[in-house]
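Colleague: Structure supplied as my_file_8.csv; contents: CSV, C-alpha atoms (C1' of nucleotides).
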```csv
chain,number,residue,atom,x,y,z
A,218,MET,CA,76.0,18.1,65.3
A,219,GLN,CA,74.3,16.0,67.9
A,220,ASP,CA,74.9,16.7,71.5
A,221,ARG,CA,73.2,16.8,74.9
A,222,GLU,CA,70.9,19.6,73.7
A,223,THR,CA,69.2,17.1,71.5
A,224,ILE,CA,66.9,16.3,74.4
A,225,ALA,CA,65.4,19.8,74.2
A,226,ARG,CA,62.2,19.5,72.1
A,227,ALA,CA,61.2,22.4,70.0
A,228,GLY,CA,58.3,23.1,72.3
A,229,ASP,CA,60.4,22.9,75.4
A,230,HIS,CA,60.8,25.8,77.7
A,231,ARG,CA,63.5,28.2,76.8
A,232,ALA,CA,65.0,27.9,80.2
A,233,LEU,CA,65.7,24.2,79.7
A,234,ARG,CA,67.5,24.9,76.4
A,235,THR,CA,69.5,27.7,78.0
A,236,TRP,CA,70.6,25.4,80.9
A,237,LEU,CA,71.7,22.7,78.6
A,238,ARG,CA,73.7,25.0,76.4
A,239,LEU,CA,75.3,26.6,79.5
A,240,LEU,CA,76.3,23.2,80.7
A,241,THR,CA,77.7,22.2,77.3
A,242,CYS,CA,79.8,25.4,77.1
A,243,THR,CA,81.2,24.9,80.6
A,244,GLN,CA,82.1,21.3,79.9
A,245,LEU,CA,83.9,22.2,76.7
A,246,ILE,CA,86.0,24.8,78.4
A,247,GLU,CA,86.6,22.7,81.4
A,248,ARG,CA,87.8,19.8,79.4
A,249,ARG,CA,90.3,21.9,77.5
A,250,VAL,CA,91.6,23.3,80.7
A,251,ARG,CA,91.8,19.9,82.5
A,252,THR,CA,93.7,18.4,79.6
A,253,GLY,CA,96.1,21.2,79.4
A,254,LEU,CA,96.8,21.2,83.1
A,255,ARG,CA,97.3,17.4,83.1
A,256,GLU,CA,99.5,17.3,80.0
A,257,GLN,CA,101.6,20.3,80.5
A,258,PHE,CA,101.8,20.6,84.3
A,259,GLY,CA,100.8,17.2,85.7
A,260,THR,CA,98.1,18.7,87.9
A,261,THR,CA,94.4,18.9,88.0
A,262,LEU,CA,91.8,21.7,87.8
A,263,PRO,CA,90.7,21.6,91.5
A,264,ARG,CA,94.2,21.9,92.6
A,265,PHE,CA,94.8,24.8,90.2
A,266,ASP,CA,91.5,26.5,91.4
A,267,LEU,CA,92.5,26.3,95.0
A,268,MET,CA,96.0,27.7,94.3
A,269,ALA,CA,94.4,30.5,92.3
A,270,GLN,CA,92.4,31.6,95.3
A,271,LEU,CA,95.4,31.6,97.5
A,272,GLU,CA,97.4,33.6,95.0
A,273,ARG,CA,94.8,36.4,95.3
A,274,HIS,CA,94.9,36.2,99.0
A,275,PRO,CA,98.5,36.5,100.1
A,276,GLU,CA,97.5,36.8,103.7
A,277,GLY,CA,96.1,33.2,103.5
A,278,LEU,CA,92.6,31.8,103.7
A,279,LYS,CA,90.9,29.6,106.2
A,280,MET,CA,89.6,26.2,105.2
A,281,ASN,CA,86.0,27.3,105.3
A,282,GLU,CA,86.7,30.4,103.3
A,283,LEU,CA,88.3,28.2,100.6
A,284,SER,CA,85.3,26.0,100.7
A,285,ARG,CA,82.9,28.9,100.1
A,286,LEU,CA,85.0,30.5,97.4
A,287,LEU,CA,85.4,27.3,95.5
A,288,MET,CA,81.9,26.2,96.1
A,289,VAL,CA,82.9,22.7,97.3
A,290,THR,CA,82.4,20.9,100.6
A,291,GLY,CA,84.9,21.2,103.4
A,292,GLY,CA,85.9,17.6,103.2
A,293,ASN,CA,87.0,18.2,99.7
A,294,VAL,CA,89.1,21.1,100.6
A,295,THR,CA,90.8,19.1,103.4
A,296,ALA,CA,91.8,16.5,100.9
A,297,ILE,CA,93.3,18.9,98.3
A,298,VAL,CA,95.1,21.0,100.9
A,299,ASP,CA,96.6,17.8,102.3
A,300,GLN,CA,98.0,16.9,98.9
A,301,LEU,CA,99.3,20.3,98.1
A,302,GLU,CA,100.9,20.6,101.6
A,303,LYS,CA,102.6,17.2,101.2
A,304,GLU,CA,104.1,18.5,97.9
A,305,GLY,CA,105.2,21.7,99.6
A,306,LEU,CA,103.0,24.0,97.5
A,307,VAL,CA,100.9,25.4,100.3
A,308,GLU,CA,101.3,25.6,104.1
A,309,ARG,CA,99.0,25.5,107.1
A,310,LEU,CA,99.7,28.3,109.5
A,311,ASP,CA,98.2,28.4,113.0
A,312,GLU,CA,95.6,31.1,113.5
A,313,PRO,CA,96.4,32.6,116.9
A,314,ALA,CA,92.9,34.0,117.4
A,315,ASP,CA,91.2,30.6,117.0
A,316,ARG,CA,92.8,27.3,117.8
A,317,ARG,CA,90.4,25.4,115.7
A,318,ALA,CA,91.4,27.1,112.5
A,319,PHE,CA,94.4,27.9,110.5
A,320,ARG,CA,95.3,29.9,107.5
A,321,ILE,CA,96.4,28.3,104.2
A,322,ARG,CA,99.0,30.1,102.2
A,323,LEU,CA,101.0,29.4,99.0
A,324,THR,CA,104.7,28.7,99.7
A,325,LYS,CA,107.3,30.3,97.6
A,326,THR,CA,107.5,27.1,95.5
A,327,GLY,CA,103.7,27.2,95.2
A,328,GLU,CA,103.7,30.8,94.0
A,329,LYS,CA,106.3,30.0,91.3
A,330,SER,CA,104.5,26.9,90.2
A,331,PHE,CA,101.2,28.7,90.0
A,332,ALA,CA,102.5,31.7,88.0
A,333,GLU,CA,103.6,29.3,85.2
A,334,MET,CA,100.3,27.6,85.1
A,335,ALA,CA,98.3,30.8,85.2
A,336,ARG,CA,99.9,32.1,82.1
A,337,ALA,CA,99.0,29.0,80.1
A,338,HIS,CA,95.5,28.9,81.7
A,339,GLU,CA,94.8,32.4,80.6
A,340,GLU,CA,95.9,31.7,77.0
A,341,TRP,CA,93.6,28.7,76.8
A,342,VAL,CA,90.6,30.6,78.1
A,343,VAL,CA,91.2,33.5,75.8
A,344,GLU,CA,91.5,31.2,72.9
A,345,LEU,CA,88.3,29.3,73.8
A,346,LEU,CA,86.3,32.5,74.1
A,347,ALA,CA,87.6,34.1,71.1
A,348,GLY,CA,84.4,33.3,69.2
A,349,LEU,CA,82.9,36.3,70.9
A,350,SER,CA,83.7,39.9,70.2
A,351,ARG,CA,84.7,42.2,73.0
A,352,ARG,CA,81.2,43.7,73.0
A,353,GLU,CA,79.6,40.3,73.0
A,354,GLN,CA,81.7,39.1,75.9
A,355,ASP,CA,80.6,42.1,77.9
A,356,GLU,CA,77.0,41.3,77.1
A,357,LEU,CA,77.5,37.7,78.1
A,358,LEU,CA,79.1,38.9,81.4
A,359,ARG,CA,76.1,41.1,82.0
A,360,LEU,CA,73.5,38.3,81.4
A,361,LEU,CA,75.4,35.8,83.5
A,362,ALA,CA,75.6,38.3,86.3
A,363,LYS,CA,71.8,38.5,86.3
A,364,VAL,CA,71.5,34.7,86.2
A,365,LYS,CA,73.9,34.4,89.1
A,366,GLU,CA,72.2,37.1,91.2
A,367,HIS,CA,68.8,35.5,90.8
A,368,ALA,CA,70.0,32.0,91.3
A,369,VAL,CA,71.7,32.9,94.5
A,370,GLU,CA,68.5,34.5,95.8
A,371,VAL,CA,66.2,31.5,95.1
A,372,THR,CA,68.7,29.0,96.3
B,29,MET,CA,79.5,38.7,98.0
B,30,GLN,CA,82.8,37.0,97.7
B,31,ASP,CA,83.1,34.1,95.4
B,32,ARG,CA,85.5,32.4,93.0
B,33,GLU,CA,85.4,35.4,90.7
B,34,THR,CA,87.3,37.3,93.3
B,35,ILE,CA,90.5,36.0,91.7
B,36,ALA,CA,89.8,38.0,88.6
B,37,ARG,CA,91.7,41.3,89.0
B,38,ALA,CA,90.4,44.4,87.5
B,39,GLY,CA,93.1,44.3,84.8
B,40,ASP,CA,92.5,40.7,83.9
B,41,HIS,CA,91.4,39.6,80.6
B,42,ARG,CA,87.7,39.8,79.9
B,43,ALA,CA,87.8,36.1,78.9
B,44,LEU,CA,88.9,35.0,82.3
B,45,ARG,CA,86.1,36.9,84.0
B,46,THR,CA,83.6,35.4,81.6
B,47,TRP,CA,84.8,31.9,82.2
B,48,LEU,CA,84.7,32.2,85.9
B,49,ARG,CA,81.2,33.6,85.9
B,50,LEU,CA,80.1,30.9,83.5
B,51,LEU,CA,81.4,28.3,85.8
B,52,THR,CA,79.7,29.9,88.8
B,53,CYS,CA,76.4,30.0,87.1
B,54,THR,CA,76.7,26.4,86.0
B,55,GLN,CA,77.6,25.2,89.5
B,56,LEU,CA,74.7,27.1,91.1
B,57,ILE,CA,72.2,25.5,88.8
B,58,GLU,CA,73.8,22.1,89.1
B,59,ARG,CA,73.8,22.2,92.8
B,60,ARG,CA,70.1,23.0,93.0
B,61,VAL,CA,69.3,20.2,90.5
B,62,ARG,CA,71.5,17.7,92.3
B,63,THR,CA,70.0,18.4,95.7
B,64,GLY,CA,66.5,18.2,94.3
B,65,LEU,CA,67.1,14.9,92.5
B,66,ARG,CA,68.7,13.4,95.6
B,67,GLU,CA,66.1,14.7,98.1
B,68,GLN,CA,63.0,14.1,96.1
B,69,PHE,CA,63.9,11.2,94.0
B,70,GLY,CA,66.9,9.5,95.6
B,71,THR,CA,68.9,9.7,92.4
B,72,THR,CA,71.8,11.6,90.9
B,73,LEU,CA,72.3,14.1,88.0
B,74,PRO,CA,74.4,11.8,85.8
B,75,ARG,CA,71.7,9.1,86.1
B,76,PHE,CA,69.0,11.6,85.3
B,77,ASP,CA,71.0,12.9,82.3
B,78,LEU,CA,71.5,9.5,80.9
B,79,MET,CA,67.8,8.7,81.2
B,80,ALA,CA,66.9,12.0,79.6
B,81,GLN,CA,68.8,11.1,76.5
B,82,LEU,CA,67.2,7.7,76.3
B,83,GLU,CA,63.8,9.3,76.7
B,84,ARG,CA,64.4,11.4,73.5
B,85,HIS,CA,65.5,8.3,71.6
B,86,PRO,CA,62.9,5.6,72.1
B,87,GLU,CA,64.6,3.4,69.5
B,88,GLY,CA,67.5,3.2,72.0
B,89,LEU,CA,71.1,4.4,71.9
B,90,LYS,CA,74.4,2.6,71.7
B,91,MET,CA,77.0,3.1,74.5
B,92,ASN,CA,79.2,5.2,72.4
B,93,GLU,CA,76.3,7.4,71.4
B,94,LEU,CA,75.5,8.0,75.0
B,95,SER,CA,79.1,8.7,75.7
B,96,ARG,CA,79.2,11.4,73.0
B,97,LEU,CA,75.9,13.0,73.9
B,98,LEU,CA,76.7,13.2,77.6
B,99,MET,CA,80.3,14.3,77.0
B,100,VAL,CA,81.7,11.7,79.3
B,101,THR,CA,84.0,8.7,78.8
B,102,GLY,CA,82.8,5.3,77.8
B,103,GLY,CA,83.9,3.7,81.1
B,104,ASN,CA,81.7,6.1,82.9
B,105,VAL,CA,78.6,5.2,80.8
B,106,THR,CA,79.2,1.5,81.4
B,107,ALA,CA,79.1,2.1,85.1
B,108,ILE,CA,75.9,4.1,85.1
B,109,VAL,CA,74.1,1.8,82.7
B,110,ASP,CA,75.1,-1.1,84.8
B,111,GLN,CA,73.4,0.5,87.8
B,112,LEU,CA,70.3,1.5,86.0
B,113,GLU,CA,70.0,-1.9,84.4
B,114,LYS,CA,70.3,-3.6,87.8
B,115,GLU,CA,67.5,-1.4,89.0
B,116,GLY,CA,65.3,-2.3,86.0
B,117,LEU,CA,65.2,1.3,84.7
B,118,VAL,CA,67.0,0.6,81.4
B,119,GLU,CA,67.7,-2.5,79.3
B,120,ARG,CA,70.5,-3.6,77.0
B,121,LEU,CA,69.2,-5.0,73.7
B,122,ASP,CA,71.4,-6.9,71.3
B,123,GLU,CA,72.2,-5.1,68.2
B,124,PRO,CA,71.8,-7.7,65.4
B,125,ALA,CA,74.0,-5.8,63.0
B,126,ASP,CA,77.0,-5.6,65.3
B,127,ARG,CA,77.7,-8.2,67.9
B,128,ARG,CA,80.0,-5.9,69.8
B,129,ALA,CA,77.3,-3.3,70.4
B,130,PHE,CA,73.8,-3.1,71.9
B,131,ARG,CA,71.1,-0.6,72.2
B,132,ILE,CA,70.2,0.9,75.6
B,133,ARG,CA,66.5,1.7,76.1
B,134,LEU,CA,64.3,2.9,78.9
B,135,THR,CA,62.1,0.2,80.3
B,136,LYS,CA,58.4,1.0,81.0
B,137,THR,CA,59.4,1.5,84.7
B,138,GLY,CA,62.2,3.7,83.6
B,139,GLU,CA,59.9,5.8,81.4
B,140,LYS,CA,57.5,6.3,84.2
B,141,SER,CA,60.2,7.2,86.7
B,142,PHE,CA,61.8,9.6,84.3
B,143,ALA,CA,58.6,11.4,83.6
B,144,GLU,CA,58.1,12.3,87.2
B,145,MET,CA,61.6,13.6,87.6
B,146,ALA,CA,61.5,15.6,84.4
B,147,ARG,CA,58.5,17.6,85.5
B,148,ALA,CA,60.3,18.6,88.7
B,149,HIS,CA,63.6,19.2,86.9
B,150,GLU,CA,62.0,21.6,84.5
B,151,GLU,CA,60.4,23.6,87.3
B,152,TRP,CA,63.7,24.0,89.1
B,153,VAL,CA,65.4,25.2,85.9
B,154,VAL,CA,62.7,27.6,85.0
B,155,GLU,CA,62.8,29.0,88.5
B,156,LEU,CA,66.6,29.4,88.5
B,157,LEU,CA,66.6,31.2,85.2
B,158,ALA,CA,63.7,33.4,85.9
B,159,GLY,CA,66.1,36.3,86.5
B,160,LEU,CA,66.2,36.8,82.8
B,161,SER,CA,63.5,38.0,80.6
B,162,ARG,CA,62.4,36.0,77.6
B,163,ARG,CA,64.4,38.3,75.3
B,164,GLU,CA,67.5,38.1,77.5
B,165,GLN,CA,67.3,34.3,77.5
B,166,ASP,CA,67.2,34.4,73.7
B,167,GLU,CA,70.2,36.6,73.7
B,168,LEU,CA,72.1,34.4,76.1
B,169,LEU,CA,71.2,31.3,74.0
B,170,ARG,CA,72.6,33.1,71.0
B,171,LEU,CA,75.9,34.1,72.7
B,172,LEU,CA,76.4,30.6,74.2
B,173,ALA,CA,75.8,29.1,70.7
B,174,LYS,CA,78.7,31.2,69.4
B,175,VAL,CA,80.9,30.2,72.3
B,176,LYS,CA,80.1,26.6,71.8
B,177,GLU,CA,80.6,26.6,68.1
B,178,HIS,CA,84.0,28.3,68.4
B,179,ALA,CA,85.1,26.1,71.3
B,180,VAL,CA,84.3,23.0,69.4
B,181,GLU,CA,86.4,24.2,66.5
B,182,VAL,CA,89.5,25.0,68.4
B,183,THR,CA,89.3,21.8,70.6
C,255,DC,C1',90.4,-14.8,51.7
C,256,DG,C1',93.2,-12.8,55.6
C,257,DG,C1',95.8,-9.6,58.0
C,258,DG,C1',95.9,-5.2,60.3
C,259,DG,C1',93.8,-1.2,61.9
C,260,DA,C1',89.6,0.8,63.7
C,261,DT,C1',85.6,0.4,66.6
C,262,DG,C1',82.5,-1.0,70.7
C,263,DC,C1',82.6,-2.0,75.1
C,264,DT,C1',84.6,-3.2,79.7
C,265,DT,C1',87.9,-3.0,83.4
C,266,DC,C1',90.9,-0.8,86.4
C,267,DA,C1',93.5,2.6,89.3
C,268,DG,C1',93.4,7.0,90.8
C,269,DG,C1',91.5,11.4,91.8
C,270,DC,C1',87.3,14.4,92.8
C,271,DT,C1',83.1,15.4,95.3
C,272,DT,C1',79.5,14.8,98.3
C,273,DG,C1',76.7,14.4,102.6
C,274,DA,C1',77.0,12.5,107.1
C,275,DT,C1',79.2,12.0,111.2
C,276,DC,C1',82.9,13.0,114.5
C,277,DT,C1',86.1,15.9,117.6
C,278,DA,C1',87.8,20.1,119.3
C,279,DT,C1',87.0,24.7,120.2
C,280,DT,C1',84.5,29.0,120.7
C,281,DC,C1',80.7,31.7,122.1
C,282,DA,C1',76.5,33.5,124.3
C,283,DG,C1',73.3,33.4,128.2
C,284,DG,C1',72.1,32.4,132.5
D,143,DC,C1',81.7,30.1,135.7
D,144,DC,C1',78.9,26.5,133.0
D,145,DT,C1',76.4,24.5,129.6
D,146,DG,C1',74.4,24.0,125.2
D,147,DA,C1',74.5,25.7,120.5
D,148,DA,C1',77.4,27.0,116.8
D,149,DT,C1',81.6,26.7,114.2
D,150,DA,C1',86.3,24.8,112.2
D,151,DG,C1',88.2,20.9,110.5
D,152,DA,C1',88.9,15.9,109.7
D,153,DT,C1',87.2,11.4,108.4
D,154,DC,C1',84.6,8.1,105.9
D,155,DA,C1',81.7,5.5,102.5
D,156,DA,C1',79.8,5.9,98.2
D,157,DG,C1',79.3,7.6,93.7
D,158,DC,C1',81.3,10.2,89.6
D,159,DC,C1',84.8,10.6,86.1
D,160,DT,C1',89.0,10.1,83.7
D,161,DG,C1',92.7,8.0,80.9
D,162,DA,C1',94.9,3.8,79.9
D,163,DA,C1',94.8,-0.9,78.8
D,164,DG,C1',92.5,-5.0,77.2
D,165,DC,C1',89.3,-8.1,74.6
D,166,DA,C1',86.1,-9.0,71.0
D,167,DT,C1',84.4,-7.9,66.7
D,168,DC,C1',84.2,-5.5,62.3
D,169,DC,C1',85.9,-3.7,58.0
D,170,DC,C1',89.1,-2.4,54.5
D,171,DC,C1',92.3,-3.5,51.2
D,172,DG,C1',95.8,-6.2,49.2
```
Let's see the structure in the file written out as structure tokens.
Modeller:
Amino acid sequence: MQDRETIARAGDHRALRTWLRLLTCTQLIERRVRTGLREQFGTTLPRFDLMAQLERHPEGLKMNELSRLLMVTGGNVTAIVDQLEKEGLVERLDEPADRRAFRIRLTKTGEKSFAEMARAHEEWVVELLAGLSRREQDELLRLLAKVKEHAVEVT
Amino acid sequence: MQDRETIARAGDHRALRTWLRLLTCTQLIERRVRTGLREQFGTTLPRFDLMAQLERHPEGLKMNELSRLLMVTGGNVTAIVDQLEKEGLVERLDEPADRRAFRIRLTKTGEKSFAEMARAHEEWVVELLAGLSRREQDELLRLLAKVKEHAVEVT
DNA sequence: CGGGGATGCTTCAGGCTTGATCTATTCAGG
DNA sequence: CCTGAATAGATCAAGCCTGAAGCATCCCCG
């Protein structure tokens, strides 16, 4: 098999190979999830991600909180919330304490819609990661936690 | 710290947590690299990726080979090659054996430009992954290889 | 030969994402 | 109070990326 990692020469730094493989794995999973969301639910990954965050925060989230959690820019969040609001899946509620801000929440419809998607989403992910034993997944989780912690520091 | 993983409940499937953490790590690294490429070289990650593939294939690559290696669609490759060609960094050479196709190659200018960026790029990646020991990086590489292999199969 | 299907590439509309810039509001000090 | 800095969002241009559709060329097989 030839893929993007081909650019890593034998003598190259381990870190480069690790990064390329990390990227490949992420893209493989992302593609599967995107395709599934589009074909089965007519939606997209960013929309799903945003709704997933809201589902875990029933009290609602402010735009900038969504932006931080999803690791995307504010402008982006505005656009996606606009769409979802227009479709009646989320709602903007005034934040009494701060007239600049508001809280975004899933509507009833949004909750129902998300629940369906979440089930399918979990199935896909479990299937994709089934190449690793339970123990190996734990080890992967541990290593990625270290990567993350260090990357956050140096950024 | 609160981040996208917050949506993983304690009882959730291990695979879901793994996937979210994988995504976070990838995005952290990607952001650093994007910012560096933009600020120091006025370019973007997709353009860099494409040039990286060409650098490892001095004989040139066909559009569909680039598409496969970079894991993006053909239309996308066309657009990026168009840009780079206009800037004189790559060139389209006729493929004598097949009049539909051509080979894309780095120009001299492109090679020089890429070499500079590659040095900086490697530094960033090494720095970002420095949270892991040599042994841990090897283990991470091994685990990701298994993920990749299995994900390719089930896709 | 000579179709018909496969392949290589381009084009296009639509959605995502970014960084920069703008407006409105809040807040902290003087 | 008042003013300047910080913060919450919205808006915008530009680039990325996709899937679908289209054109040209190749290749297989009857």
Colleague: What would chain A look like once superposed on chain B, with the fit done by least squares over all C-alpha atoms paired in order? Give it as a compact mmCIF listing (two decimals) with C-alpha atoms, in the frame of the given file.
Modeller:
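And here's superposed-v1.txt as it stands now:
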```
# COMPACT_ATOMS: atom_id res chain seq x y z
CA MET A 218 79.60 38.88 97.96
CA GLN A 219 82.86 37.05 97.67
CA ASP A 220 83.14 34.13 95.39
CA ARG A 221 85.48 32.39 92.95
CA GLU A 222 85.44 35.46 90.68
CA THR A 223 87.42 37.27 93.28
CA ILE A 224 90.56 35.94 91.63
CA ALA A 225 89.83 38.03 88.52
CA ARG A 226 91.86 41.27 88.87
CA ALA A 227 90.46 44.38 87.41
CA GLY A 228 93.10 44.33 84.72
CA ASP A 229 92.51 40.73 83.88
CA HIS A 230 91.37 39.65 80.50
CA ARG A 231 87.69 39.71 79.95
CA ALA A 232 87.73 36.16 78.84
CA LEU A 233 88.98 34.98 82.22
CA ARG A 234 86.16 36.85 84.01
CA THR A 235 83.60 35.45 81.59
CA TRP A 236 84.85 31.84 82.18
CA LEU A 237 84.69 32.19 85.88
CA ARG A 238 81.21 33.61 85.88
CA LEU A 239 80.07 30.85 83.47
CA LEU A 240 81.45 28.28 85.81
CA THR A 241 79.82 29.89 88.85
CA CYS A 242 76.40 29.98 87.11
CA THR A 243 76.65 26.33 86.07
CA GLN A 244 77.63 25.23 89.55
CA LEU A 245 74.74 27.09 91.13
CA ILE A 246 72.23 25.49 88.84
CA GLU A 247 73.80 22.14 89.07
CA ARG A 248 73.77 22.13 92.79
CA ARG A 249 70.09 22.99 92.95
CA VAL A 250 69.32 20.25 90.55
CA ARG A 251 71.53 17.62 92.31
CA THR A 252 69.92 18.41 95.64
CA GLY A 253 66.48 18.21 94.31
CA LEU A 254 67.08 14.94 92.55
CA ARG A 255 68.70 13.44 95.68
CA GLU A 256 66.05 14.68 98.11
CA GLN A 257 62.96 14.16 96.15
CA PHE A 258 63.82 11.16 93.95
CA GLY A 259 66.85 9.49 95.55
CA THR A 260 68.87 9.67 92.35
CA THR A 261 71.71 11.61 90.97
CA LEU A 262 72.22 14.05 88.06
CA PRO A 263 74.29 11.69 85.82
CA ARG A 264 71.71 9.08 86.09
CA PHE A 265 68.96 11.58 85.29
CA ASP A 266 71.04 12.93 82.28
CA LEU A 267 71.47 9.51 80.82
CA MET A 268 67.75 8.67 81.20
CA ALA A 269 66.91 12.00 79.58
CA GLN A 270 68.84 11.05 76.48
CA LEU A 271 67.16 7.74 76.25
CA GLU A 272 63.74 9.30 76.65
CA ARG A 273 64.40 11.34 73.47
CA HIS A 274 65.58 8.32 71.68
CA PRO A 275 62.92 5.66 71.99
CA GLU A 276 64.67 3.45 69.51
CA GLY A 277 67.62 3.18 72.00
CA LEU A 278 71.19 4.42 71.89
CA LYS A 279 74.47 2.63 71.74
CA MET A 280 76.99 3.00 74.53
CA ASN A 281 79.28 5.18 72.48
CA GLU A 282 76.46 7.39 71.34
CA LEU A 283 75.52 7.95 75.02
CA SER A 284 79.09 8.74 75.74
CA ARG A 285 79.26 11.42 73.03
CA LEU A 286 75.91 12.95 73.89
CA LEU A 287 76.70 13.19 77.54
CA MET A 288 80.23 14.21 76.98
CA VAL A 289 81.67 11.60 79.39
CA THR A 290 84.05 8.69 78.88
CA GLY A 291 82.78 5.27 77.93
CA GLY A 292 83.84 3.73 81.18
CA ASN A 293 81.56 6.10 82.93
CA VAL A 294 78.65 5.22 80.83
CA THR A 295 79.24 1.48 81.44
CA ALA A 296 79.05 2.07 85.13
CA ILE A 297 75.79 4.10 85.11
CA VAL A 298 74.06 1.79 82.64
CA ASP A 299 75.01 -1.14 84.87
CA GLN A 300 73.32 0.50 87.84
CA LEU A 301 70.25 1.55 86.01
CA GLU A 302 69.91 -1.95 84.40
CA LYS A 303 70.25 -3.63 87.82
CA GLU A 304 67.35 -1.41 89.04
CA GLY A 305 65.32 -2.29 85.97
CA LEU A 306 65.18 1.27 84.60
CA VAL A 307 66.97 0.63 81.34
CA GLU A 308 67.73 -2.50 79.27
CA ARG A 309 70.53 -3.67 77.02
CA LEU A 310 69.24 -5.02 73.76
CA ASP A 311 71.46 -6.94 71.34
CA GLU A 312 72.24 -5.09 68.14
CA PRO A 313 71.87 -7.69 65.39
CA ALA A 314 74.05 -5.79 62.92
CA ASP A 315 77.07 -5.68 65.27
CA ARG A 316 77.80 -8.22 67.93
CA ARG A 317 80.05 -5.93 69.79
CA ALA A 318 77.36 -3.39 70.48
CA PHE A 319 73.95 -3.14 71.87
CA ARG A 320 71.25 -0.61 72.19
CA ILE A 321 70.20 0.88 75.56
CA ARG A 322 66.57 1.67 76.04
CA LEU A 323 64.37 2.90 78.93
CA THR A 324 62.04 0.17 80.27
CA LYS A 325 58.48 0.97 80.96
CA THR A 326 59.37 1.47 84.65
CA GLY A 327 62.22 3.74 83.54
CA GLU A 328 59.94 5.86 81.36
CA LYS A 329 57.47 6.34 84.25
CA SER A 330 60.19 7.15 86.70
CA PHE A 331 61.78 9.63 84.36
CA ALA A 332 58.54 11.49 83.49
CA GLU A 333 58.08 12.33 87.21
CA MET A 334 61.55 13.60 87.56
CA ALA A 335 61.46 15.61 84.37
CA ARG A 336 58.55 17.63 85.51
CA ALA A 337 60.28 18.66 88.73
CA HIS A 338 63.59 19.22 86.85
CA GLU A 339 61.95 21.59 84.48
CA GLU A 340 60.33 23.61 87.30
CA TRP A 341 63.67 24.01 89.03
CA VAL A 342 65.44 25.18 85.90
CA VAL A 343 62.71 27.61 85.05
CA GLU A 344 62.79 28.99 88.50
CA LEU A 345 66.60 29.35 88.50
CA LEU A 346 66.58 31.21 85.20
CA ALA A 347 63.78 33.40 85.96
CA GLY A 348 66.13 36.32 86.60
CA LEU A 349 66.26 36.75 82.87
CA SER A 350 63.50 38.04 80.67
CA ARG A 351 62.37 36.06 77.68
CA ARG A 352 64.33 38.40 75.41
CA GLU A 353 67.40 38.14 77.57
CA GLN A 354 67.28 34.36 77.62
CA ASP A 355 67.18 34.35 73.85
CA GLU A 356 70.20 36.61 73.77
CA LEU A 357 72.02 34.39 76.21
CA LEU A 358 71.15 31.35 74.01
CA ARG A 359 72.54 33.17 71.02
CA LEU A 360 75.88 34.11 72.72
CA LEU A 361 76.36 30.64 74.15
CA ALA A 362 75.75 29.15 70.76
CA LYS A 363 78.64 31.22 69.40
CA VAL A 364 80.86 30.22 72.34
CA LYS A 365 80.03 26.58 71.78
CA GLU A 366 80.59 26.71 68.00
CA HIS A 367 84.00 28.29 68.40
CA ALA A 368 85.06 26.13 71.25
CA VAL A 369 84.24 23.02 69.37
CA GLU A 370 86.32 24.20 66.41
CA VAL A 371 89.51 24.99 68.42
CA THR A 372 89.23 21.92 70.52
```
Colleague: One number please: CA of Leu157 (chain B) to CA of Gln244 (chain A), in Å, one decimal.
Modeller: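 Here the two named atoms are 19.1 Å from each other.
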Colleague: Would you give me, as a list in words, the residues of chain B that come within 9 Å of chain C, using only C-alpha atoms (C1' of nucleotides)?
Modeller: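 Taking only C-alpha atoms (C1' of nucleotides) into account, Lys90, Met91, Asn92, Gly102, Gly103, Thr106, Asp126, Arg128 and Ala129 of chain B sit within 9 Å of chain C.
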Colleague: Compute the set of chain D residues within 10 Å of chain A, using all atoms listed in the file, and express it as a list in words.
Modeller: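 Result, ordered by chain then number: DT149, DA150, DG151, DA152, DT153 and DC154 of chain D.
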Colleague: Could you list the residues in chain B lying within 6 Å of chain A, using all atoms listed in the file, and format the result as a list in words?
Modeller: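 Matching residues, ligands excluded from the count: Asp31, Arg32, Ile35, Ala43, Thr46, Cys53, Gln81, Arg84, Leu97, Leu98, Val154, Leu156, Gly159, Leu169, Val175, Lys176, His178 and Ala179 of chain B.
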Colleague: C1' of DC143 (chain D) and CA of Ala314 (chain A) are how many Å apart?
Modeller: 21.8 Å
Colleague: So that I can check the surroundings of Ser141 (chain B), please list as a PyMOL selection string every protein, DNA and RNA residue that reaches within 10 Å of it, counting all atoms listed in the file and ignoring chain neighbours fewer than 3 positions away.
Modeller: chain B and resi 69+76+79+117+134-138+144-146
